[in-house]
>>> print(open('target_27.cif').read())   # mmCIF, C-alpha atoms
data_target
loop_
_atom_site.group_PDB
_atom_site.id
_atom_site.type_symbol
_atom_site.label_atom_id
_atom_site.label_comp_id
_atom_site.auth_asym_id
_atom_site.auth_seq_id
_atom_site.Cartn_x
_atom_site.Cartn_y
_atom_site.Cartn_z
ATOM 1 C CA MET A 1 -26.092 17.499 -58.896
ATOM 2 C CA SER A 2 -29.379 17.203 -57.005
ATOM 3 C CA GLY A 3 -31.067 18.723 -60.066
ATOM 4 C CA GLU A 4 -29.593 16.051 -62.341
ATOM 5 C CA LEU A 5 -30.689 13.015 -60.326
ATOM 6 C CA SER A 6 -34.145 11.747 -59.470
ATOM 7 C CA PRO A 7 -35.106 11.999 -55.778
ATOM 8 C CA ILE A 8 -34.627 8.235 -55.335
ATOM 9 C CA ASP A 9 -31.161 8.306 -56.900
ATOM 10 C CA THR A 10 -30.256 11.343 -54.805
ATOM 11 C CA ALA A 11 -31.344 9.401 -51.714
ATOM 12 C CA LYS A 12 -29.158 6.450 -52.685
ATOM 13 C CA PHE A 13 -26.198 8.719 -53.431
ATOM 14 C CA VAL A 14 -26.247 10.632 -50.129
ATOM 15 C CA ALA A 15 -26.724 7.405 -48.151
ATOM 16 C CA ALA A 16 -23.740 5.864 -49.917
ATOM 17 C CA LYS A 17 -21.603 8.979 -49.478
ATOM 18 C CA ARG A 18 -22.344 9.021 -45.731
ATOM 19 C CA ALA A 19 -21.789 5.279 -45.318
ATOM 20 C CA VAL A 20 -18.296 5.285 -46.833
ATOM 21 C CA GLN A 21 -17.248 7.693 -44.084
ATOM 22 C CA TYR A 22 -17.120 4.609 -41.852
ATOM 23 C CA VAL A 23 -14.207 3.286 -43.924
ATOM 24 C CA GLU A 24 -10.705 3.980 -42.575
ATOM 25 C CA ASP A 25 -7.266 3.511 -44.060
ATOM 26 C CA GLY A 26 -6.088 -0.103 -44.017
ATOM 27 C CA MET A 27 -9.544 -1.629 -43.591
ATOM 28 C CA ARG A 28 -10.775 -4.832 -45.195
ATOM 29 C CA VAL A 29 -14.263 -3.984 -46.437
ATOM 30 C CA GLY A 30 -17.099 -6.175 -47.657
ATOM 31 C CA LEU A 31 -18.701 -4.666 -50.755
ATOM 32 C CA GLY A 32 -22.388 -5.339 -51.217
ATOM 33 C CA THR A 33 -24.396 -6.002 -54.362
ATOM 34 C CA GLY A 34 -27.302 -4.133 -55.926
ATOM 35 C CA SER A 35 -28.215 -0.703 -57.248
ATOM 36 C CA THR A 36 -27.722 1.092 -53.932
ATOM 37 C CA ALA A 37 -24.485 -0.759 -53.177
ATOM 38 C CA ALA A 38 -23.204 0.294 -56.601
ATOM 39 C CA TRP A 39 -23.397 3.916 -55.493
ATOM 40 C CA MET A 40 -21.375 2.970 -52.423
ATOM 41 C CA VAL A 41 -18.653 1.285 -54.483
ATOM 42 C CA ARG A 42 -18.396 4.374 -56.700
ATOM 43 C CA CYS A 43 -18.193 6.697 -53.679
ATOM 44 C CA LEU A 44 -15.546 4.491 -52.108
ATOM 45 C CA GLY A 45 -13.574 4.473 -55.344
ATOM 46 C CA GLU A 46 -13.677 8.277 -55.342
ATOM 47 C CA ARG A 47 -12.141 8.298 -51.862
ATOM 48 C CA VAL A 48 -9.437 5.889 -53.016
ATOM 49 C CA ARG A 49 -8.548 8.162 -55.925
ATOM 50 C CA SER A 50 -8.876 11.559 -54.230
ATOM 51 C CA GLU A 51 -7.550 10.744 -50.746
ATOM 52 C CA GLY A 52 -5.166 7.886 -51.463
ATOM 53 C CA LEU A 53 -7.247 5.659 -49.165
ATOM 54 C CA LYS A 54 -5.676 2.206 -48.862
ATOM 55 C CA ILE A 55 -8.288 -0.522 -48.462
ATOM 56 C CA THR A 56 -8.974 -4.062 -49.610
ATOM 57 C CA GLY A 57 -12.463 -4.895 -50.819
ATOM 58 C CA VAL A 58 -14.192 -8.262 -50.673
ATOM 59 C CA PRO A 59 -17.018 -8.226 -53.259
ATOM 60 C CA THR A 60 -20.224 -10.200 -52.750
ATOM 61 C CA SER A 61 -20.787 -10.893 -56.450
ATOM 62 C CA THR A 62 -18.948 -10.971 -59.753
ATOM 63 C CA ARG A 63 -20.640 -7.748 -60.886
ATOM 64 C CA THR A 64 -19.552 -5.915 -57.724
ATOM 65 C CA ALA A 65 -16.005 -7.201 -58.218
ATOM 66 C CA GLU A 66 -15.988 -5.834 -61.775
ATOM 67 C CA LEU A 67 -17.239 -2.413 -60.664
ATOM 68 C CA ALA A 68 -14.760 -2.241 -57.758
ATOM 69 C CA ARG A 69 -11.841 -2.891 -60.103
ATOM 70 C CA GLN A 70 -13.147 -0.264 -62.525
ATOM 71 C CA VAL A 71 -13.124 2.452 -59.839
ATOM 72 C CA GLY A 72 -9.682 1.531 -58.489
ATOM 73 C CA ILE A 73 -10.484 -0.559 -55.419
ATOM 74 C CA GLU A 74 -8.142 -3.465 -54.744
ATOM 75 C CA VAL A 75 -10.183 -6.645 -54.376
ATOM 76 C CA THR A 76 -9.508 -10.008 -52.834
ATOM 77 C CA THR A 77 -11.426 -13.072 -51.681
ATOM 78 C CA LEU A 78 -12.884 -13.665 -48.245
ATOM 79 C CA ASP A 79 -10.614 -16.687 -47.821
ATOM 80 C CA ALA A 80 -7.580 -14.482 -48.425
ATOM 81 C CA ALA A 81 -8.843 -11.678 -46.184
ATOM 82 C CA LYS A 82 -10.012 -14.149 -43.483
ATOM 83 C CA TRP A 83 -11.947 -11.506 -41.499
ATOM 84 C CA LEU A 84 -13.317 -8.065 -42.341
ATOM 85 C CA ASP A 85 -13.493 -4.798 -40.437
ATOM 86 C CA LEU A 86 -16.693 -3.642 -42.083
ATOM 87 C CA THR A 87 -19.301 -4.583 -44.663
ATOM 88 C CA ILE A 88 -21.453 -1.981 -46.414
ATOM 89 C CA ASP A 89 -24.446 -3.226 -48.353
ATOM 90 C CA GLY A 90 -27.960 -2.295 -49.416
ATOM 91 C CA THR A 91 -31.212 -3.921 -48.399
ATOM 92 C CA ASP A 92 -34.642 -4.669 -49.792
ATOM 93 C CA GLU A 93 -36.385 -4.141 -46.444
ATOM 94 C CA TYR A 94 -35.464 -3.344 -42.852
ATOM 95 C CA ASP A 95 -37.607 -3.284 -39.729
ATOM 96 C CA PRO A 96 -37.270 -1.331 -36.439
ATOM 97 C CA ASP A 97 -34.923 -4.027 -35.041
ATOM 98 C CA LEU A 98 -32.718 -3.704 -38.162
ATOM 99 C CA CYS A 99 -33.653 -7.185 -39.326
ATOM 100 C CA LEU A 100 -33.400 -7.289 -43.105
ATOM 101 C CA ILE A 101 -34.704 -8.964 -46.226
ATOM 102 C CA LYS A 102 -31.964 -9.133 -48.850
ATOM 103 C CA GLY A 103 -31.541 -11.023 -52.107
ATOM 104 C CA GLY A 104 -33.435 -9.037 -54.717
ATOM 105 C CA GLY A 105 -30.284 -9.302 -56.799
ATOM 106 C CA GLY A 106 -29.798 -12.975 -56.001
ATOM 107 C CA ALA A 107 -26.525 -12.494 -54.091
ATOM 108 C CA HIS A 108 -27.810 -13.001 -50.544
ATOM 109 C CA LEU A 109 -25.741 -16.135 -49.885
ATOM 110 C CA GLN A 110 -22.419 -14.407 -50.494
ATOM 111 C CA GLU A 111 -23.742 -11.233 -48.876
ATOM 112 C CA LYS A 112 -24.654 -13.066 -45.678
ATOM 113 C CA ILE A 113 -21.338 -14.944 -45.513
ATOM 114 C CA VAL A 114 -19.385 -11.711 -45.962
ATOM 115 C CA ALA A 115 -21.518 -9.730 -43.514
ATOM 116 C CA THR A 116 -21.232 -12.328 -40.749
ATOM 117 C CA ALA A 117 -17.459 -12.449 -41.250
ATOM 118 C CA SER A 118 -17.260 -8.724 -40.431
ATOM 119 C CA ASP A 119 -16.873 -6.804 -37.201
ATOM 120 C CA ARG A 120 -19.637 -4.452 -38.310
ATOM 121 C CA MET A 121 -22.330 -4.246 -40.995
ATOM 122 C CA VAL A 122 -23.668 -0.909 -42.211
ATOM 123 C CA VAL A 123 -26.680 -0.893 -44.509
ATOM 124 C CA ILE A 124 -27.571 1.906 -46.921
ATOM 125 C CA ALA A 125 -31.177 2.480 -47.913
ATOM 126 C CA ASP A 126 -33.753 4.968 -49.123
ATOM 127 C CA PRO A 127 -36.912 5.683 -47.057
ATOM 128 C CA THR A 128 -39.047 3.210 -49.039
ATOM 129 C CA LYS A 129 -37.093 0.277 -47.558
ATOM 130 C CA GLY A 130 -38.212 0.843 -43.954
ATOM 131 C CA VAL A 131 -41.197 -1.254 -42.798
ATOM 132 C CA ASP A 132 -42.914 -2.012 -39.497
ATOM 133 C CA VAL A 133 -43.080 -5.739 -40.296
ATOM 134 C CA LEU A 134 -40.963 -7.588 -42.863
ATOM 135 C CA GLY A 135 -42.562 -9.441 -45.736
ATOM 136 C CA ALA A 136 -43.907 -7.011 -48.327
ATOM 137 C CA PHE A 137 -40.773 -7.712 -50.378
ATOM 138 C CA PRO A 138 -40.575 -11.368 -51.489
ATOM 139 C CA LEU A 139 -38.165 -13.395 -49.369
ATOM 140 C CA PRO A 140 -35.600 -15.206 -51.557
ATOM 141 C CA ILE A 141 -34.181 -18.598 -50.707
ATOM 142 C CA GLU A 142 -31.258 -20.104 -52.597
ATOM 143 C CA VAL A 143 -31.746 -23.772 -53.466
ATOM 144 C CA ILE A 144 -29.603 -26.342 -55.236
ATOM 145 C CA PRO A 145 -30.846 -27.513 -58.664
ATOM 146 C CA PHE A 146 -31.028 -31.203 -57.671
ATOM 147 C CA GLY A 147 -34.502 -32.056 -56.418
ATOM 148 C CA LEU A 148 -35.723 -28.508 -56.952
ATOM 149 C CA GLN A 149 -39.421 -29.360 -57.082
ATOM 150 C CA ALA A 150 -39.174 -31.565 -53.993
ATOM 151 C CA THR A 151 -37.451 -28.739 -52.096
ATOM 152 C CA LYS A 152 -40.093 -26.261 -53.273
ATOM 153 C CA GLY A 153 -42.853 -28.594 -52.084
ATOM 154 C CA LEU A 154 -41.263 -28.979 -48.648
ATOM 155 C CA VAL A 155 -40.951 -25.216 -48.317
ATOM 156 C CA GLU A 156 -44.605 -24.695 -49.266
ATOM 157 C CA GLU A 157 -45.642 -27.300 -46.697
ATOM 158 C CA LEU A 158 -43.530 -25.569 -44.061
ATOM 159 C CA LEU A 159 -45.033 -22.147 -44.818
ATOM 160 C CA ALA A 160 -48.535 -23.453 -44.172
ATOM 161 C CA ALA A 161 -47.608 -23.803 -40.494
ATOM 162 C CA MET A 162 -45.876 -20.404 -40.177
ATOM 163 C CA ASP A 163 -47.364 -17.057 -39.143
ATOM 164 C CA VAL A 164 -47.299 -15.436 -42.579
ATOM 165 C CA LEU A 165 -50.050 -13.704 -44.545
ATOM 166 C CA ASP A 166 -49.468 -15.540 -47.837
ATOM 167 C CA SER A 167 -47.394 -18.531 -48.944
ATOM 168 C CA LYS A 168 -46.673 -18.351 -52.654
ATOM 169 C CA ALA A 169 -43.325 -19.868 -53.668
ATOM 170 C CA ILE A 170 -42.210 -18.853 -57.169
ATOM 171 C CA LEU A 171 -39.063 -19.973 -58.958
ATOM 172 C CA ARG A 172 -37.162 -16.867 -60.093
ATOM 173 C CA GLU A 173 -36.547 -16.646 -63.814
ATOM 174 C CA LYS A 174 -34.388 -14.454 -66.017
ATOM 175 C CA GLY A 175 -34.887 -14.357 -69.754
ATOM 176 C CA GLY A 176 -37.464 -17.135 -69.553
ATOM 177 C CA VAL A 177 -35.156 -19.619 -67.809
ATOM 178 C CA PRO A 178 -34.422 -20.241 -64.124
ATOM 179 C CA PHE A 179 -32.155 -17.586 -62.605
ATOM 180 C CA VAL A 180 -28.700 -18.936 -61.705
ATOM 181 C CA THR A 181 -26.678 -17.533 -58.802
ATOM 182 C CA ASP A 182 -22.894 -17.114 -58.721
ATOM 183 C CA GLU A 183 -22.776 -20.524 -57.008
ATOM 184 C CA GLY A 184 -24.784 -22.213 -59.770
ATOM 185 C CA ASN A 185 -27.952 -22.495 -57.697
ATOM 186 C CA HIS A 186 -31.530 -21.276 -58.192
ATOM 187 C CA VAL A 187 -33.687 -18.852 -56.222
ATOM 188 C CA ILE A 188 -37.249 -19.351 -55.017
ATOM 189 C CA ASP A 189 -39.038 -16.133 -54.042
ATOM 190 C CA LEU A 190 -41.488 -16.504 -51.151
ATOM 191 C CA HIS A 191 -44.359 -14.021 -51.397
ATOM 192 C CA LEU A 192 -45.419 -13.864 -47.753
ATOM 193 C CA LYS A 193 -46.713 -10.263 -47.353
ATOM 194 C CA ARG A 194 -46.064 -10.403 -43.596
ATOM 195 C CA ILE A 195 -43.461 -12.305 -41.539
ATOM 196 C CA GLN A 196 -44.504 -12.181 -37.917
ATOM 197 C CA ASP A 197 -41.489 -14.101 -36.566
ATOM 198 C CA PRO A 198 -38.480 -13.646 -38.878
ATOM 199 C CA ARG A 199 -36.090 -15.397 -36.507
ATOM 200 C CA LYS A 200 -38.174 -18.589 -36.393
ATOM 201 C CA LEU A 201 -38.815 -18.579 -40.138
ATOM 202 C CA SER A 202 -35.112 -18.186 -40.915
ATOM 203 C CA MET A 203 -34.236 -21.119 -38.687
ATOM 204 C CA VAL A 204 -36.830 -23.531 -40.078
ATOM 205 C CA LEU A 205 -36.213 -22.638 -43.728
ATOM 206 C CA ASN A 206 -32.540 -23.504 -43.425
ATOM 207 C CA GLN A 207 -33.462 -26.940 -42.060
ATOM 208 C CA VAL A 208 -35.154 -27.928 -45.333
ATOM 209 C CA PRO A 209 -32.877 -30.202 -47.409
ATOM 210 C CA GLY A 210 -31.920 -28.418 -50.610
ATOM 211 C CA VAL A 211 -32.179 -24.918 -49.141
ATOM 212 C CA VAL A 212 -28.720 -23.351 -49.030
ATOM 213 C CA GLU A 213 -29.610 -20.014 -47.401
ATOM 214 C CA ASN A 214 -32.446 -17.530 -47.033
ATOM 215 C CA GLY A 215 -32.530 -13.745 -47.360
ATOM 216 C CA LEU A 216 -33.401 -12.945 -43.749
ATOM 217 C CA PHE A 217 -30.529 -11.140 -42.006
ATOM 218 C CA ILE A 218 -31.159 -11.401 -38.263
ATOM 219 C CA ASP A 219 -28.833 -9.776 -35.674
ATOM 220 C CA ILE A 220 -26.303 -8.967 -38.406
ATOM 221 C CA CYS A 221 -26.912 -5.307 -39.256
ATOM 222 C CA ASP A 222 -25.429 -2.754 -36.831
ATOM 223 C CA ALA A 223 -26.506 0.511 -38.461
ATOM 224 C CA VAL A 224 -28.712 1.775 -41.267
ATOM 225 C CA VAL A 225 -27.940 4.937 -43.213
ATOM 226 C CA ILE A 226 -31.117 6.276 -44.824
ATOM 227 C CA GLY A 227 -30.813 8.797 -47.625
ATOM 228 C CA HIS A 228 -33.510 11.280 -48.619
ATOM 229 C CA GLY A 229 -34.174 13.012 -51.905
ATOM 230 C CA ASP A 230 -33.423 16.449 -50.412
ATOM 231 C CA GLY A 231 -29.882 15.457 -49.348
ATOM 232 C CA ARG A 232 -30.661 14.568 -45.736
ATOM 233 C CA VAL A 233 -29.416 11.348 -44.178
ATOM 234 C CA GLU A 234 -30.538 9.546 -41.037
ATOM 235 C CA VAL A 235 -28.213 7.171 -39.210
ATOM 236 C CA ILE A 236 -29.775 4.561 -36.931
ATOM 237 C CA ASP A 237 -27.272 2.650 -34.796
ATOM 238 C CA ILE A 238 -28.854 -0.341 -33.055
ATOM 239 C CA ASN A 239 -25.906 -0.889 -30.709
ATOM 240 C CA GLU A 240 -25.553 2.728 -29.597
ATOM 241 C CA GLY A 241 -29.315 3.241 -29.521
ATOM 242 C CA THR A 242 -28.955 6.474 -31.499
ATOM 243 C CA HIS A 243 -30.891 8.070 -34.338
ATOM 244 C CA GLU A 244 -29.122 11.063 -35.873
ATOM 245 C CA GLU A 245 -29.787 13.273 -38.890
ATOM 246 C CA GLU A 246 -27.445 15.368 -41.033
ATOM 247 C CA ARG A 247 -27.183 16.793 -44.537
ATOM 248 C CA ILE A 248 -24.738 15.715 -47.236
ATOM 249 C CA GLU A 249 -23.417 18.526 -49.418
ATOM 250 C CA PHE A 250 -23.059 17.850 -53.142
ATOM 251 C CA ALA A 251 -19.694 18.511 -54.791
ATOM 252 C CA ASP A 252 -19.562 19.594 -58.428
ATOM 253 C CA SER A 253 -17.651 16.421 -59.284
ATOM 254 C CA ALA A 254 -20.449 14.267 -57.884
ATOM 255 C CA ASN A 255 -22.015 13.951 -61.359
ATOM 256 C CA ILE A 256 -19.484 11.190 -62.110
ATOM 257 C CA PHE A 257 -21.986 8.890 -60.411
ATOM 258 C CA ALA A 258 -24.857 9.759 -62.712
ATOM 259 C CA ASP A 259 -24.170 6.773 -64.991
ATOM 260 C CA ILE A 260 -25.087 4.168 -62.364
#
>>> encode(input="target_27.cif", output="C-alpha cells")
Amino acid sequence: MSGELSPIDTAKFVAAKRAVQYVEDGMRVGLGTGSTAAWMVRCLGERVRSEGLKITGVPTSTRTAELARQVGIEVTTLDAAKWLDLTIDGTDEYDPDLCLIKGGGGAHLQEKIVATASDRMVVIADPTKGVDVLGAFPLPIEVIPFGLQATKGLVEELLAAMDVLDSKAILREKGGVPFVTDEGNHVIDLHLKRIQDPRKLSMVLNQVPGVVENGLFIDICDAVVIGHGDGRVEVIDINEGTHEEERIEFADSANIFADI
C-alpha cells in the first residue's frame, strides 16, 4: 500500500491506524472532522467490521456522520451519549504544549464541545502540523451572522493590542459566498502568523459579542499521534510525559482507504 499512497497520505493513514488502537469495546467515541480524521473513521470502521468492535460514535459534523454510517459505525448525538470516553480528531497546528489550532474545515465549535466532553482527546497529525509557536495557520473564529461587520471590527481592534505578528481578519467564503457552518454561522479567519500567548488570546476573543467560539484548543489535547511517510509513528503523551516511536505495518487490505 505504501507504494500506492503519497507520503502525506501514508502519514495520515498510519497515524489514524495507530490512534484507533486507543478505542476499546463499549466506548463512546468522538469522531473528528477533516481529511486526517476521515482516515481515522475509515480505520475505525474496519475494526468494527473485522473485529466486531462495539462502539458508539459522536460525529463533529454532518459529513463525518455520513462517513461513519457508511463504514458501519453506530452514531448518536452528544446529548444522547452525555459523556464520552475518547475523542480522536485531526489538527491544523500543534505546539510543544499540545495546544492546537483547529477549524480549517469550519467544524471547530462542535469539535471543541465534543472534545471537552471527553475523558481523553487524541489528535492525529502528519509532521507538517508541528510548530514551535502557533499562528502560521489562520485562526478561525465562528461568528453569528447578525452584526457580522461590527463583530469583525471589534475583533480587529482587539488584535491590535495582542502579541501577534499580523492582524488580518478575513471572512471565509465558499463558492463566492460566505461559508456557513453546521450551526448556520460564519467563520472569520485571523491571519496572525504568530500567537505568543494562545491562552490569553482565546479568552479575550470569546468575550467579543458575536463570537461564538475560536479554534484555539488549550489544555484539551492529551496525546498527539504523528504519522510519517515511511510508516513510522510517534506518540507524544503530555500527561505521561512520554515520546515513543513505532512502525505500523501495512496489510494488503489497507488499499480500501485509498479513495479518501
>>> resolve_selection(input="target_27.cif", expression="the PyMOL selection byres ((chain A and resi 151) around 12)", output="JSON, numbers by chain")
{"A": [141, 142, 143, 144, 145, 146, 147, 148, 149, 150, 152, 153, 154, 155, 156, 157, 158, 169, 171, 186, 187, 188, 205, 206, 207, 208, 209, 210, 211, 212]}
>>> resolve_selection(input="target_27.cif", expression="the PyMOL selection byres ((chain A and resi 66) around 12)", output="PDB file with C-alpha atoms, keeping the file's coordinate frame")
ATOM      1  CA  LEU A  31     -18.701  -4.666 -50.755  1.00  0.00           C
ATOM      2  CA  THR A  33     -24.396  -6.002 -54.362  1.00  0.00           C
ATOM      3  CA  ALA A  38     -23.204   0.294 -56.601  1.00  0.00           C
ATOM      4  CA  VAL A  41     -18.653   1.285 -54.483  1.00  0.00           C
ATOM      5  CA  ARG A  42     -18.396   4.374 -56.700  1.00  0.00           C
ATOM      6  CA  GLY A  57     -12.463  -4.895 -50.819  1.00  0.00           C
ATOM      7  CA  VAL A  58     -14.192  -8.262 -50.673  1.00  0.00           C
ATOM      8  CA  PRO A  59     -17.018  -8.226 -53.259  1.00  0.00           C
ATOM      9  CA  THR A  60     -20.224 -10.200 -52.750  1.00  0.00           C
ATOM     10  CA  SER A  61     -20.787 -10.893 -56.450  1.00  0.00           C
ATOM     11  CA  THR A  62     -18.948 -10.971 -59.753  1.00  0.00           C
ATOM     12  CA  ARG A  63     -20.640  -7.748 -60.886  1.00  0.00           C
ATOM     13  CA  THR A  64     -19.552  -5.915 -57.724  1.00  0.00           C
ATOM     14  CA  ALA A  65     -16.005  -7.201 -58.218  1.00  0.00           C
ATOM     15  CA  LEU A  67     -17.239  -2.413 -60.664  1.00  0.00           C
ATOM     16  CA  ALA A  68     -14.760  -2.241 -57.758  1.00  0.00           C
ATOM     17  CA  ARG A  69     -11.841  -2.891 -60.103  1.00  0.00           C
ATOM     18  CA  GLN A  70     -13.147  -0.264 -62.525  1.00  0.00           C
ATOM     19  CA  VAL A  71     -13.124   2.452 -59.839  1.00  0.00           C
ATOM     20  CA  GLY A  72      -9.682   1.531 -58.489  1.00  0.00           C
ATOM     21  CA  ILE A  73     -10.484  -0.559 -55.419  1.00  0.00           C
ATOM     22  CA  GLU A  74      -8.142  -3.465 -54.744  1.00  0.00           C
ATOM     23  CA  VAL A  75     -10.183  -6.645 -54.376  1.00  0.00           C
ATOM     24  CA  THR A  76      -9.508 -10.008 -52.834  1.00  0.00           C
TER      25      THR A  76
END
>>> residues_near_point(input="target_27.cif", point="(-22.5, -3.2, -44.4)", cutoff="8 Å", atoms="all atoms listed in the file", output="number ranges by chain")
A: 30-32, 86-90, 115, 120-124, 221
>>> residues_near_point(input="target_27.cif", point="(-33.3, 8.6, -49.2)", cutoff="7 Å", atoms="all atoms listed in the file", output="list in words")
Ile8, Thr10, Ala11, Lys12, Ala15, Ala125, Asp126, Pro127, Ile226, Gly227, His228, Gly229 and Val233 of chain A
>>> closest_residue(input="target_27.cif", among="A:Leu201, A:Leu190, A:Met40, A:Val235", to="Pro140 in chain A", atoms="all atoms listed in the file")
A:Leu190
>>> resolve_selection(input="target_27.cif", expression="the PyMOL selection byres ((chain A and resi 99-106) around 10)", output="NGL selection string")
:A and (33-35 or 61 or 89-98 or 107-112 or 123 or 129-131 or 133-142 or 172 or 179-182 or 185-189 or 198-199 or 214-222)
>>> closest_residue(input="target_27.cif", among="A:Leu84, A:Lys17, A:Leu78, A:Leu44", to="Val29 in chain A", atoms="only C-alpha atoms")
A:Leu84
>>> atom_distance(input="target_27.cif", atom1="CA of Thr36 in chain A", atom2="CA of Ser118 in chain A")
19.7 Å
